[in-house]
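Visitor: Below are the structure tokens for one structure; questions will follow.
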Amino acid sequence: MINSFEFKNFGPVHQLKCDNLGHINLIIGGNGTGKTIILKALYSAIRTLEDYKRGNEPRNASEILAEKLYWTFEAEKIGDLVSKGADEPLFFKFILDDKEFCYGFGKDTTKIIQTLENHVSPRDSNSVFLPTKEVLSLYKIILESREVGKTFGFDDTYLDLARALRQPPRGGKNYQNFALSRKHLNEILDGKIEYDERTGRWQFKKGNQKFPIGVTAEGIKKISILDTLLGNRYLDPKSVIFIDEPESALHPAAISKFLDIIAILAESGIQFFMASHSYFVIKKLFLISQKQDSLSIPVISSVDDHWSIANLKEGLPDNPIIDESIQLYKEEVDLALQ
């Protein structure tokens with residue numbers, strides 16, 4: 001798994017170093033602090049290693065990475081990712097399975113990354129990014145706009161996810177924890193999603209009834225995506241899953257169950273990186289970390305453009321999101337006591 005990472009001059013993230021990562025890692029902070037950029041940067045790096053030397057892939061790691069950054073961040077040139085006003089180049093490094101992968105480039109860089117060092121072996125596993133917007137109802141549009149039109153609009157996190165969902169279901173015995181997780185997911189869903197080859201559309205099946213994906217609840221679509229990727233074996237115990245705002249479109253009870261499932265999958269080996277500004281998500285993960293002795297959950301927190309690292313095993317970190325939520329609770333209690 002990813003053991004540590006370091007950012008310098010990467011968009012709004014001027015300096016960030018995080019060691020001792022866990023199987024579940026949480027990034028919290030307000031809008032515009034760089035949470036999603038951190039997820040996308042990590043995703044771009046690990047997907048580069050997963051594409052590198054796979055099958056008959058002819059490109060080297062530098063070429064794959066440059067293209068991945070271009071389509072994931074949808075910048076006119078990748079040099080635009082360098083922090084505005086920075087005197088030094090962008091630098092990124094992570095340690096994966098105790099092996100280093102790092103690169104750097106300046107603001108004038110267009111398509112070629114001159115500085116890249118890789119000691120990580122090519123990966124057979126697949127990683128995936130679950131963006132804030134759901135993908136199922138946009139499935140055909142995403143594939144057509146990117147594979148046919150070659151235009152910006154849906155970045156590589158959406159395209160890669162749509163392609164992953166395109167993989168047909170596979171029979172046979174699944175990983176034990178995957179099977180358990182899918183059972184819990186199906187309990188939340190009370191049904192399942194299926195792809196109709198005839199119409200080229202996803203649909204939700206509940207009993208003998210079938211519903212168009214467009215009239216299916218957002219939360220059901222989001223949870224169904226994870227269930228589908230577990231069912232078609234796109235994911236395995238060495239996968240890394242990035243989730244932007246896991247709370248999006250889910251009611252509190254579903255969020256709680258969804259995070260319980262993530263904890264089960266983390267025990268099977270999958271590593272998670274989540275970005276959130278929900279107190280409910282933070283509190284639930286805190287409770288999970290307290291209940292499971294073996295589960296350490298690092299939390300990377302942004303306060304006034306400064307990043308700090310804590311661990312939910314040791315308590316809730318200082319952060320305006322948490323402070324505001326506690327203050328609102330106190331005000332509610334005061335009103336109730338009046």
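Here's how to read the names in the structure tokens: chain A, B, ... by the order shown, residue numbers from 1 in each chain, ligand numbers from 1 in the order shown.
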Write out as a short mmCIF file (atom, residue, chain, number, x, y, z; two decimals) with all heavy atoms, in the first residue's frame the residues lying within 8 Å of stretch 138-154 of chain A, counting only C-alpha atoms and excluding same-chain residues fewer than 5 positions away.
Guide:
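After the write, selection34.cif holds the following:
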```
data_model
loop_
_atom_site.label_atom_id
_atom_site.label_comp_id
_atom_site.auth_asym_id
_atom_site.auth_seq_id
_atom_site.Cartn_x
_atom_site.Cartn_y
_atom_site.Cartn_z
N TRP A 71 -5.15 14.71 -18.31
CA TRP A 71 -6.56 14.37 -18.41
C TRP A 71 -7.26 14.29 -17.07
O TRP A 71 -8.49 14.39 -16.99
CB TRP A 71 -6.74 13.04 -19.16
CG TRP A 71 -6.54 13.17 -20.63
CD1 TRP A 71 -5.47 12.75 -21.36
CD2 TRP A 71 -7.44 13.78 -21.56
NE1 TRP A 71 -5.63 13.06 -22.69
CE2 TRP A 71 -6.84 13.69 -22.85
CE3 TRP A 71 -8.68 14.40 -21.45
CZ2 TRP A 71 -7.45 14.18 -23.99
CZ3 TRP A 71 -9.30 14.88 -22.59
CH2 TRP A 71 -8.69 14.78 -23.84
N GLU A 74 -7.20 18.25 -16.22
CA GLU A 74 -7.74 19.01 -17.35
C GLU A 74 -7.17 20.44 -17.41
O GLU A 74 -7.89 21.42 -17.54
CB GLU A 74 -9.27 19.05 -17.28
CG GLU A 74 -9.91 17.68 -17.43
CD GLU A 74 -11.41 17.71 -17.53
OE1 GLU A 74 -12.04 18.53 -16.84
OE2 GLU A 74 -11.97 16.91 -18.30
N LEU A 159 -13.70 8.73 -16.50
CA LEU A 159 -13.49 7.80 -17.61
C LEU A 159 -13.02 6.44 -17.10
O LEU A 159 -13.54 5.39 -17.51
CB LEU A 159 -12.46 8.37 -18.59
CG LEU A 159 -12.09 7.45 -19.76
CD1 LEU A 159 -13.30 7.17 -20.64
CD2 LEU A 159 -10.94 8.04 -20.56
N ALA A 162 -15.91 4.61 -15.47
CA ALA A 162 -16.87 4.09 -16.45
C ALA A 162 -16.32 2.85 -17.13
O ALA A 162 -17.04 1.87 -17.36
CB ALA A 162 -17.19 5.17 -17.48
N ARG A 163 -15.03 2.86 -17.46
CA ARG A 163 -14.41 1.69 -18.09
C ARG A 163 -14.38 0.50 -17.13
O ARG A 163 -14.55 -0.65 -17.54
CB ARG A 163 -13.00 2.04 -18.55
CG ARG A 163 -12.96 2.91 -19.80
CD ARG A 163 -11.55 3.37 -20.11
NE ARG A 163 -11.45 3.97 -21.44
CZ ARG A 163 -10.37 4.63 -21.87
NH1 ARG A 163 -9.31 4.75 -21.09
NH2 ARG A 163 -10.36 5.15 -23.09
N GLY A 200 -28.31 -0.21 -23.64
CA GLY A 200 -27.07 0.50 -23.31
C GLY A 200 -27.22 1.40 -22.10
O GLY A 200 -26.53 2.42 -21.98
N ARG A 201 -28.09 0.98 -21.17
CA ARG A 201 -28.34 1.80 -19.98
C ARG A 201 -28.28 0.94 -18.73
O ARG A 201 -28.55 -0.26 -18.76
CB ARG A 201 -29.72 2.48 -20.05
CG ARG A 201 -29.87 3.47 -21.20
CD ARG A 201 -31.29 4.05 -21.23
NE ARG A 201 -31.48 4.95 -22.35
CZ ARG A 201 -31.18 6.23 -22.33
NH1 ARG A 201 -30.68 6.77 -21.22
NH2 ARG A 201 -31.39 6.99 -23.38
#
```
Visitor: Using backbone DSSP assignments, extract all helix (DSSP H, G or I) residues from stretch 59-179 of chain A; output them as a PyMOL selection string.
Guide: chain A and resi 61-73+78-81+136-148+156-165+176-179
Visitor: Selected residues, C-alpha atoms, written as a PDB file, in the first residue's frame, please.
Guide:
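again_33.pdb, freshly written:
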```pdb
ATOM      1  CA  ALA A  61       6.305   5.881 -17.000  1.00  0.00           C
ATOM      2  CA  SER A  62       7.013   9.553 -17.720  1.00  0.00           C
ATOM      3  CA  GLU A  63       4.767   9.567 -20.797  1.00  0.00           C
ATOM      4  CA  ILE A  64       1.961   7.763 -18.988  1.00  0.00           C
ATOM      5  CA  LEU A  65       2.145  10.133 -16.010  1.00  0.00           C
ATOM      6  CA  ALA A  66       2.148  13.283 -18.145  1.00  0.00           C
ATOM      7  CA  GLU A  67      -0.966  12.125 -19.997  1.00  0.00           C
ATOM      8  CA  LYS A  68      -2.631  11.058 -16.759  1.00  0.00           C
ATOM      9  CA  LEU A  69      -2.033  14.432 -15.109  1.00  0.00           C
ATOM     10  CA  TYR A  70      -3.252  16.239 -18.230  1.00  0.00           C
ATOM     11  CA  TRP A  71      -6.563  14.366 -18.414  1.00  0.00           C
ATOM     12  CA  THR A  72      -7.126  14.092 -14.661  1.00  0.00           C
ATOM     13  CA  PHE A  73      -6.621  17.787 -13.906  1.00  0.00           C
ATOM     14  CA  ILE A  78       0.619  20.300 -16.800  1.00  0.00           C
ATOM     15  CA  GLY A  79       2.924  23.149 -15.761  1.00  0.00           C
ATOM     16  CA  ASP A  80      -0.254  24.962 -14.683  1.00  0.00           C
ATOM     17  CA  LEU A  81      -0.375  22.569 -11.703  1.00  0.00           C
ATOM     18  CA  LEU A 136     -24.140   5.526 -13.852  1.00  0.00           C
ATOM     19  CA  SER A 137     -26.665   7.937 -15.378  1.00  0.00           C
ATOM     20  CA  LEU A 138     -23.806   9.669 -17.258  1.00  0.00           C
ATOM     21  CA  TYR A 139     -22.128   6.418 -18.291  1.00  0.00           C
ATOM     22  CA  LYS A 140     -22.633   6.612 -22.075  1.00  0.00           C
ATOM     23  CA  ILE A 141     -22.004  10.359 -22.197  1.00  0.00           C
ATOM     24  CA  ILE A 142     -18.689   9.972 -20.360  1.00  0.00           C
ATOM     25  CA  LEU A 143     -17.451   7.219 -22.653  1.00  0.00           C
ATOM     26  CA  GLU A 144     -18.547   8.992 -25.840  1.00  0.00           C
ATOM     27  CA  SER A 145     -17.180  12.411 -24.875  1.00  0.00           C
ATOM     28  CA  ARG A 146     -13.782  11.000 -23.968  1.00  0.00           C
ATOM     29  CA  GLU A 147     -13.301   7.974 -26.221  1.00  0.00           C
ATOM     30  CA  VAL A 148     -14.918   9.509 -29.303  1.00  0.00           C
ATOM     31  CA  ASP A 156      -9.892  10.629 -16.095  1.00  0.00           C
ATOM     32  CA  THR A 157     -11.406   9.723 -12.728  1.00  0.00           C
ATOM     33  CA  TYR A 158     -14.801   9.507 -14.476  1.00  0.00           C
ATOM     34  CA  LEU A 159     -13.490   7.795 -17.605  1.00  0.00           C
ATOM     35  CA  ASP A 160     -11.518   5.169 -15.685  1.00  0.00           C
ATOM     36  CA  LEU A 161     -14.514   4.448 -13.470  1.00  0.00           C
ATOM     37  CA  ALA A 162     -16.870   4.092 -16.452  1.00  0.00           C
ATOM     38  CA  ARG A 163     -14.415   1.692 -18.088  1.00  0.00           C
ATOM     39  CA  ALA A 164     -14.123  -0.305 -14.858  1.00  0.00           C
ATOM     40  CA  LEU A 165     -17.903  -0.629 -14.671  1.00  0.00           C
ATOM     41  CA  GLN A 176     -14.215 -13.733   1.743  1.00  0.00           C
ATOM     42  CA  ASN A 177     -14.341 -10.145   2.982  1.00  0.00           C
ATOM     43  CA  PHE A 178     -15.541  -8.982  -0.430  1.00  0.00           C
ATOM     44  CA  ALA A 179     -18.457 -11.412  -0.236  1.00  0.00           C
TER      45      ALA A 179
END
```
Visitor: Could you give me, as JSON lines, every stretch 167-233 of chain A residue with an atom at most 10 Å from stretch 242-255 of chain A, plus its closest atom pair and distance in Å to one decimal, counting only C-alpha atoms, rows ordered by chain then number?
Guide:
```
{"residue": "A:Leu185", "atom": "CA", "partner": "A:Ala254", "partner_atom": "CA", "distance": 9.7}
{"residue": "A:Ile188", "atom": "CA", "partner": "A:Ala254", "partner_atom": "CA", "distance": 7.0}
{"residue": "A:Leu189", "atom": "CA", "partner": "A:Ala254", "partner_atom": "CA", "distance": 9.4}
{"residue": "A:Ala217", "atom": "CA", "partner": "A:Ala249", "partner_atom": "CA", "distance": 8.3}
{"residue": "A:Glu218", "atom": "CA", "partner": "A:Ala249", "partner_atom": "CA", "distance": 5.6}
{"residue": "A:Gly219", "atom": "CA", "partner": "A:Leu250", "partner_atom": "CA", "distance": 4.8}
{"residue": "A:Ile220", "atom": "CA", "partner": "A:Leu250", "partner_atom": "CA", "distance": 8.2}
{"residue": "A:Lys221", "atom": "CA", "partner": "A:Ala249", "partner_atom": "CA", "distance": 9.3}
{"residue": "A:Lys222", "atom": "CA", "partner": "A:Ala249", "partner_atom": "CA", "distance": 8.0}
{"residue": "A:Ile223", "atom": "CA", "partner": "A:Leu250", "partner_atom": "CA", "distance": 9.0}
```
Visitor: Take the residues from that selection and write them out as a PDB file, in the first residue's frame, keeping N, CA and C atoms.
Guide:
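So again_11.pdb came out as:
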```
ATOM      1  N   LEU A 185     -23.722  -4.464   1.510  1.00  0.00           N
ATOM      2  CA  LEU A 185     -24.111  -3.475   0.500  1.00  0.00           C
ATOM      3  C   LEU A 185     -25.502  -3.779  -0.042  1.00  0.00           C
ATOM      4  N   ILE A 188     -28.223  -2.664   2.265  1.00  0.00           N
ATOM      5  CA  ILE A 188     -28.502  -1.232   2.170  1.00  0.00           C
ATOM      6  C   ILE A 188     -29.325  -0.941   0.915  1.00  0.00           C
ATOM      7  N   LEU A 189     -28.958  -1.584  -0.185  1.00  0.00           N
ATOM      8  CA  LEU A 189     -29.585  -1.291  -1.471  1.00  0.00           C
ATOM      9  C   LEU A 189     -30.978  -1.882  -1.596  1.00  0.00           C
ATOM     10  N   ALA A 217     -32.433   6.682  -6.666  1.00  0.00           N
ATOM     11  CA  ALA A 217     -31.831   7.600  -5.695  1.00  0.00           C
ATOM     12  C   ALA A 217     -30.314   7.677  -5.877  1.00  0.00           C
ATOM     13  N   GLU A 218     -29.780   8.882  -5.670  1.00  0.00           N
ATOM     14  CA  GLU A 218     -28.340   9.106  -5.842  1.00  0.00           C
ATOM     15  C   GLU A 218     -27.522   8.178  -4.945  1.00  0.00           C
ATOM     16  N   GLY A 219     -27.955   8.009  -3.717  1.00  0.00           N
ATOM     17  CA  GLY A 219     -27.218   7.165  -2.779  1.00  0.00           C
ATOM     18  C   GLY A 219     -27.141   5.721  -3.229  1.00  0.00           C
ATOM     19  N   ILE A 220     -28.245   5.217  -3.783  1.00  0.00           N
ATOM     20  CA  ILE A 220     -28.266   3.844  -4.282  1.00  0.00           C
ATOM     21  C   ILE A 220     -27.260   3.682  -5.416  1.00  0.00           C
ATOM     22  N   LYS A 221     -27.204   4.679  -6.310  1.00  0.00           N
ATOM     23  CA  LYS A 221     -26.273   4.603  -7.433  1.00  0.00           C
ATOM     24  C   LYS A 221     -24.823   4.593  -6.944  1.00  0.00           C
ATOM     25  N   LYS A 222     -24.544   5.406  -5.933  1.00  0.00           N
ATOM     26  CA  LYS A 222     -23.176   5.496  -5.426  1.00  0.00           C
ATOM     27  C   LYS A 222     -22.725   4.186  -4.789  1.00  0.00           C
ATOM     28  N   ILE A 223     -23.574   3.622  -3.956  1.00  0.00           N
ATOM     29  CA  ILE A 223     -23.232   2.376  -3.281  1.00  0.00           C
ATOM     30  C   ILE A 223     -23.177   1.223  -4.287  1.00  0.00           C
TER      31      ILE A 223
END
```
Visitor: Mind giving me the straight-line distance from atom CA of A:Asp124 to atom CA of A:Ile300 in Å, one decimal?
Guide: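 The value is 28.4 Å.
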Visitor: Using only C-alpha atoms, pick whichever of A:Lys93, A:Lys284, A:Arg198, A:Lys99 has the shortest atom-to-atom distance to A:His119.
Guide: A:Lys99
Visitor: For the atom pair atom CA of A:Ile225 and atom CA of A:Glu194, what is the interatomic distance in Å to one decimal place?
Guide: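 Taking atom CA of A:Ile225 as the start and atom CA of A:Glu194 as the end point, the length is 10.5 Å.
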Visitor: Pick from A:Val135, A:Ala266, A:Val240, A:Leu116: nearest to A:Leu96, with only C-alpha atoms counted?
Guide: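 Ranking A:Val135, A:Ala266, A:Val240, A:Leu116 by distance to A:Leu96, first place goes to A:Val240.
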Visitor: Quick one: residues within 9 Å of A:Val82, only C-alpha atoms, excluding same-chain residues fewer than 5 positions away - as JSON, numbers by chain?
Guide: {"A": [8, 9, 10, 11, 12, 88, 89, 90, 91, 105, 106, 107]}
Visitor: With N, CA and C atoms retained, write the just-selected residues as a PDB file, in the first residue's frame.
Guide:
```pdb
ATOM      1  N   LYS A   8       5.022  19.293  -2.776  1.00  0.00           N
ATOM      2  CA  LYS A   8       5.572  20.643  -2.714  1.00  0.00           C
ATOM      3  C   LYS A   8       5.071  21.415  -3.939  1.00  0.00           C
ATOM      4  N   ASN A   9       4.487  22.574  -3.694  1.00  0.00           N
ATOM      5  CA  ASN A   9       4.044  23.468  -4.772  1.00  0.00           C
ATOM      6  C   ASN A   9       3.114  22.782  -5.760  1.00  0.00           C
ATOM      7  N   PHE A  10       2.190  21.997  -5.255  1.00  0.00           N
ATOM      8  CA  PHE A  10       1.216  21.292  -6.091  1.00  0.00           C
ATOM      9  C   PHE A  10      -0.134  22.001  -5.938  1.00  0.00           C
ATOM     10  N   GLY A  11      -0.418  22.940  -6.857  1.00  0.00           N
ATOM     11  CA  GLY A  11      -1.649  23.721  -6.749  1.00  0.00           C
ATOM     12  C   GLY A  11      -1.706  24.463  -5.426  1.00  0.00           C
ATOM     13  N   PRO A  12      -2.821  24.392  -4.707  1.00  0.00           N
ATOM     14  CA  PRO A  12      -2.932  25.079  -3.421  1.00  0.00           C
ATOM     15  C   PRO A  12      -2.159  24.411  -2.286  1.00  0.00           C
ATOM     16  N   GLU A  88       9.952  27.631  -6.759  1.00  0.00           N
ATOM     17  CA  GLU A  88      10.539  26.318  -7.013  1.00  0.00           C
ATOM     18  C   GLU A  88       9.556  25.442  -7.776  1.00  0.00           C
ATOM     19  N   PRO A  89      10.040  24.390  -8.425  1.00  0.00           N
ATOM     20  CA  PRO A  89       9.143  23.517  -9.197  1.00  0.00           C
ATOM     21  C   PRO A  89       8.230  22.682  -8.301  1.00  0.00           C
ATOM     22  N   LEU A  90       7.231  22.119  -8.927  1.00  0.00           N
ATOM     23  CA  LEU A  90       6.349  21.159  -8.257  1.00  0.00           C
ATOM     24  C   LEU A  90       7.149  19.892  -7.962  1.00  0.00           C
ATOM     25  N   PHE A  91       6.860  19.289  -6.820  1.00  0.00           N
ATOM     26  CA  PHE A  91       7.517  18.028  -6.459  1.00  0.00           C
ATOM     27  C   PHE A  91       6.490  17.113  -5.815  1.00  0.00           C
ATOM     28  N   PHE A 105       8.432  19.000 -11.882  1.00  0.00           N
ATOM     29  CA  PHE A 105       8.482  19.785 -13.113  1.00  0.00           C
ATOM     30  C   PHE A 105       8.146  21.245 -12.808  1.00  0.00           C
ATOM     31  N   GLY A 106       8.510  22.121 -13.730  1.00  0.00           N
ATOM     32  CA  GLY A 106       8.297  23.551 -13.564  1.00  0.00           C
ATOM     33  C   GLY A 106       7.036  24.034 -14.255  1.00  0.00           C
ATOM     34  N   LYS A 107       6.761  25.327 -14.109  1.00  0.00           N
ATOM     35  CA  LYS A 107       5.497  25.892 -14.599  1.00  0.00           C
ATOM     36  C   LYS A 107       5.419  25.964 -16.121  1.00  0.00           C
TER      37      LYS A 107
END
```
Visitor: Considering only C-alpha atoms, return as a ChimeraX atom specification whatever protein or nucleic-acid residues lie within 9 Å of stretch 30-34 of chain A, sequence-local ones (same chain, fewer than 5 positions apart) excluded.
Guide: /A:10-13,39,276-277,302-305,320-321
Visitor: Could you pull out the strand (DSSP E) residues of stretch 53-155 of chain A from DSSP and send them as a list of chain:residue names?
Guide: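 Everything in stretch 53-155 of chain A that counts as strand (DSSP E) is A:Leu90, A:Phe91, A:Phe92, A:Lys93, A:Phe94, A:Ile95, A:Leu96, A:Lys99, A:Glu100, A:Phe101, A:Cys102, A:Tyr103, A:Gly104, A:Phe105, A:Thr115, A:Leu116, A:Glu117, A:Asn118, A:Val128, A:Phe129, A:Leu130.
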Visitor: Restricted to N, CA, C and O atoms, what would the selected residues look like written as a PDB file, in the first residue's frame?
Guide:
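part38.pdb written:
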```pdb
ATOM      1  N   LEU A  90       7.231  22.119  -8.927  1.00  0.00           N
ATOM      2  CA  LEU A  90       6.349  21.159  -8.257  1.00  0.00           C
ATOM      3  C   LEU A  90       7.149  19.892  -7.962  1.00  0.00           C
ATOM      4  O   LEU A  90       7.967  19.461  -8.772  1.00  0.00           O
ATOM      5  N   PHE A  91       6.860  19.289  -6.820  1.00  0.00           N
ATOM      6  CA  PHE A  91       7.517  18.028  -6.459  1.00  0.00           C
ATOM      7  C   PHE A  91       6.490  17.113  -5.815  1.00  0.00           C
ATOM      8  O   PHE A  91       5.675  17.536  -4.982  1.00  0.00           O
ATOM      9  N   PHE A  92       6.519  15.848  -6.224  1.00  0.00           N
ATOM     10  CA  PHE A  92       5.618  14.837  -5.666  1.00  0.00           C
ATOM     11  C   PHE A  92       6.417  13.570  -5.403  1.00  0.00           C
ATOM     12  O   PHE A  92       7.232  13.157  -6.229  1.00  0.00           O
ATOM     13  N   LYS A  93       6.132  12.947  -4.273  1.00  0.00           N
ATOM     14  CA  LYS A  93       6.778  11.668  -3.959  1.00  0.00           C
ATOM     15  C   LYS A  93       5.825  10.818  -3.145  1.00  0.00           C
ATOM     16  O   LYS A  93       5.128  11.324  -2.262  1.00  0.00           O
ATOM     17  N   PHE A  94       5.767   9.540  -3.462  1.00  0.00           N
ATOM     18  CA  PHE A  94       5.158   8.628  -2.506  1.00  0.00           C
ATOM     19  C   PHE A  94       5.965   7.345  -2.421  1.00  0.00           C
ATOM     20  O   PHE A  94       6.748   7.015  -3.315  1.00  0.00           O
ATOM     21  N   ILE A  95       5.812   6.683  -1.293  1.00  0.00           N
ATOM     22  CA  ILE A  95       6.455   5.392  -1.048  1.00  0.00           C
ATOM     23  C   ILE A  95       5.360   4.345  -1.121  1.00  0.00           C
ATOM     24  O   ILE A  95       4.395   4.390  -0.352  1.00  0.00           O
ATOM     25  N   LEU A  96       5.498   3.413  -2.055  1.00  0.00           N
ATOM     26  CA  LEU A  96       4.507   2.359  -2.243  1.00  0.00           C
ATOM     27  C   LEU A  96       5.177   1.019  -1.991  1.00  0.00           C
ATOM     28  O   LEU A  96       6.158   0.676  -2.669  1.00  0.00           O
ATOM     29  N   LYS A  99       8.831   1.234  -1.643  1.00  0.00           N
ATOM     30  CA  LYS A  99       9.607   1.630  -2.817  1.00  0.00           C
ATOM     31  C   LYS A  99       9.200   3.042  -3.239  1.00  0.00           C
ATOM     32  O   LYS A  99       8.018   3.396  -3.176  1.00  0.00           O
ATOM     33  N   GLU A 100      10.157   3.826  -3.726  1.00  0.00           N
ATOM     34  CA  GLU A 100       9.911   5.241  -3.999  1.00  0.00           C
ATOM     35  C   GLU A 100       9.514   5.520  -5.454  1.00  0.00           C
ATOM     36  O   GLU A 100      10.063   4.946  -6.386  1.00  0.00           O
ATOM     37  N   PHE A 101       8.560   6.415  -5.597  1.00  0.00           N
ATOM     38  CA  PHE A 101       8.163   6.957  -6.901  1.00  0.00           C
ATOM     39  C   PHE A 101       8.081   8.469  -6.734  1.00  0.00           C
ATOM     40  O   PHE A 101       7.349   8.960  -5.855  1.00  0.00           O
ATOM     41  N   CYS A 102       8.825   9.225  -7.526  1.00  0.00           N
ATOM     42  CA  CYS A 102       8.797  10.681  -7.368  1.00  0.00           C
ATOM     43  C   CYS A 102       9.003  11.362  -8.716  1.00  0.00           C
ATOM     44  O   CYS A 102       9.574  10.781  -9.648  1.00  0.00           O
ATOM     45  N   TYR A 103       8.526  12.600  -8.800  1.00  0.00           N
ATOM     46  CA  TYR A 103       8.706  13.379 -10.023  1.00  0.00           C
ATOM     47  C   TYR A 103       8.631  14.861  -9.680  1.00  0.00           C
ATOM     48  O   TYR A 103       8.187  15.254  -8.593  1.00  0.00           O
ATOM     49  N   GLY A 104       9.057  15.675 -10.633  1.00  0.00           N
ATOM     50  CA  GLY A 104       8.984  17.113 -10.461  1.00  0.00           C
ATOM     51  C   GLY A 104       9.012  17.802 -11.814  1.00  0.00           C
ATOM     52  O   GLY A 104       9.529  17.261 -12.788  1.00  0.00           O
ATOM     53  N   PHE A 105       8.432  19.000 -11.882  1.00  0.00           N
ATOM     54  CA  PHE A 105       8.482  19.785 -13.113  1.00  0.00           C
ATOM     55  C   PHE A 105       8.146  21.245 -12.808  1.00  0.00           C
ATOM     56  O   PHE A 105       7.571  21.559 -11.757  1.00  0.00           O
ATOM     57  N   THR A 115      11.958  15.025 -14.993  1.00  0.00           N
ATOM     58  CA  THR A 115      12.481  14.465 -13.742  1.00  0.00           C
ATOM     59  C   THR A 115      11.493  13.465 -13.169  1.00  0.00           C
ATOM     60  O   THR A 115      10.438  13.845 -12.646  1.00  0.00           O
ATOM     61  N   LEU A 116      11.797  12.199 -13.298  1.00  0.00           N
ATOM     62  CA  LEU A 116      10.967  11.138 -12.720  1.00  0.00           C
ATOM     63  C   LEU A 116      11.870   9.997 -12.292  1.00  0.00           C
ATOM     64  O   LEU A 116      12.740   9.569 -13.048  1.00  0.00           O
ATOM     65  N   GLU A 117      11.653   9.529 -11.087  1.00  0.00           N
ATOM     66  CA  GLU A 117      12.428   8.400 -10.566  1.00  0.00           C
ATOM     67  C   GLU A 117      11.461   7.357 -10.032  1.00  0.00           C
ATOM     68  O   GLU A 117      10.592   7.660  -9.210  1.00  0.00           O
ATOM     69  N   ASN A 118      11.593   6.147 -10.515  1.00  0.00           N
ATOM     70  CA  ASN A 118      10.668   5.094 -10.124  1.00  0.00           C
ATOM     71  C   ASN A 118      11.402   3.823  -9.720  1.00  0.00           C
ATOM     72  O   ASN A 118      12.184   3.275 -10.488  1.00  0.00           O
ATOM     73  N   VAL A 128      -9.124   2.749  -8.093  1.00  0.00           N
ATOM     74  CA  VAL A 128     -10.283   3.446  -8.637  1.00  0.00           C
ATOM     75  C   VAL A 128     -10.560   4.698  -7.821  1.00  0.00           C
ATOM     76  O   VAL A 128     -10.223   4.772  -6.633  1.00  0.00           O
ATOM     77  N   PHE A 129     -11.165   5.690  -8.481  1.00  0.00           N
ATOM     78  CA  PHE A 129     -11.527   6.959  -7.853  1.00  0.00           C
ATOM     79  C   PHE A 129     -13.051   7.098  -7.945  1.00  0.00           C
ATOM     80  O   PHE A 129     -13.612   7.022  -9.039  1.00  0.00           O
ATOM     81  N   LEU A 130     -13.701   7.282  -6.804  1.00  0.00           N
ATOM     82  CA  LEU A 130     -15.147   7.502  -6.788  1.00  0.00           C
ATOM     83  C   LEU A 130     -15.392   9.000  -6.614  1.00  0.00           C
ATOM     84  O   LEU A 130     -15.252   9.532  -5.510  1.00  0.00           O
TER      85      LEU A 130
END
```
Visitor: Can you tell me, as a PyMOL selection string, what residues are no more than 10 Å from A:Tyr279 when counting only C-alpha atoms, ignoring any on the same chain fewer than 5 positions away?
Guide: chain A and resi 28+247+284-285+321-326
Visitor: Just N, CA and C atoms for this one: save the residues we selected as a PDB file, in the first residue's frame.
Guide:
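Done, and the output landed in part.pdb:
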```
ATOM      1  N   ILE A  28      -9.376  16.141   5.623  1.00  0.00           N
ATOM      2  CA  ILE A  28     -10.474  17.049   5.945  1.00  0.00           C
ATOM      3  C   ILE A  28     -10.029  18.500   5.790  1.00  0.00           C
ATOM      4  N   GLU A 247     -19.805  11.211   1.912  1.00  0.00           N
ATOM      5  CA  GLU A 247     -21.124  11.570   2.445  1.00  0.00           C
ATOM      6  C   GLU A 247     -22.092  12.045   1.370  1.00  0.00           C
ATOM      7  N   LYS A 284     -17.904   9.120  12.691  1.00  0.00           N
ATOM      8  CA  LYS A 284     -18.112   7.693  12.477  1.00  0.00           C
ATOM      9  C   LYS A 284     -16.771   6.963  12.365  1.00  0.00           C
ATOM     10  N   LEU A 285     -15.831   7.542  11.619  1.00  0.00           N
ATOM     11  CA  LEU A 285     -14.515   6.912  11.500  1.00  0.00           C
ATOM     12  C   LEU A 285     -13.778   6.903  12.835  1.00  0.00           C
ATOM     13  N   ILE A 321     -14.172  22.440  11.032  1.00  0.00           N
ATOM     14  CA  ILE A 321     -15.360  21.626  10.758  1.00  0.00           C
ATOM     15  C   ILE A 321     -15.863  20.984  12.041  1.00  0.00           C
ATOM     16  N   ILE A 322     -14.946  20.433  12.812  1.00  0.00           N
ATOM     17  CA  ILE A 322     -15.315  19.775  14.062  1.00  0.00           C
ATOM     18  C   ILE A 322     -15.769  20.813  15.077  1.00  0.00           C
ATOM     19  N   ASP A 323     -15.037  21.909  15.180  1.00  0.00           N
ATOM     20  CA  ASP A 323     -15.387  22.956  16.149  1.00  0.00           C
ATOM     21  C   ASP A 323     -16.782  23.518  15.884  1.00  0.00           C
ATOM     22  N   GLU A 324     -17.094  23.781  14.616  1.00  0.00           N
ATOM     23  CA  GLU A 324     -18.401  24.344  14.267  1.00  0.00           C
ATOM     24  C   GLU A 324     -19.523  23.368  14.579  1.00  0.00           C
ATOM     25  N   SER A 325     -19.294  22.087  14.295  1.00  0.00           N
ATOM     26  CA  SER A 325     -20.311  21.071  14.575  1.00  0.00           C
ATOM     27  C   SER A 325     -20.585  20.959  16.064  1.00  0.00           C
ATOM     28  N   ILE A 326     -19.523  20.992  16.872  1.00  0.00           N
ATOM     29  CA  ILE A 326     -19.686  20.921  18.329  1.00  0.00           C
ATOM     30  C   ILE A 326     -20.405  22.164  18.839  1.00  0.00           C
TER      31      ILE A 326
END
```
Visitor: Using only C-alpha atoms, can you tell me which of A:Lys206, A:Phe258, A:Ser308, A:Phe273 comes closest to A:Ala41?
Guide: A:Phe273
Visitor: For A:Gln271, which residue among A:Leu235, A:Ile288, A:Ile24, A:Ala310 is the nearest when counting only C-alpha atoms?
Guide: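 Using only C-alpha atoms, A:Gln271 sits closest to A:Ile24.
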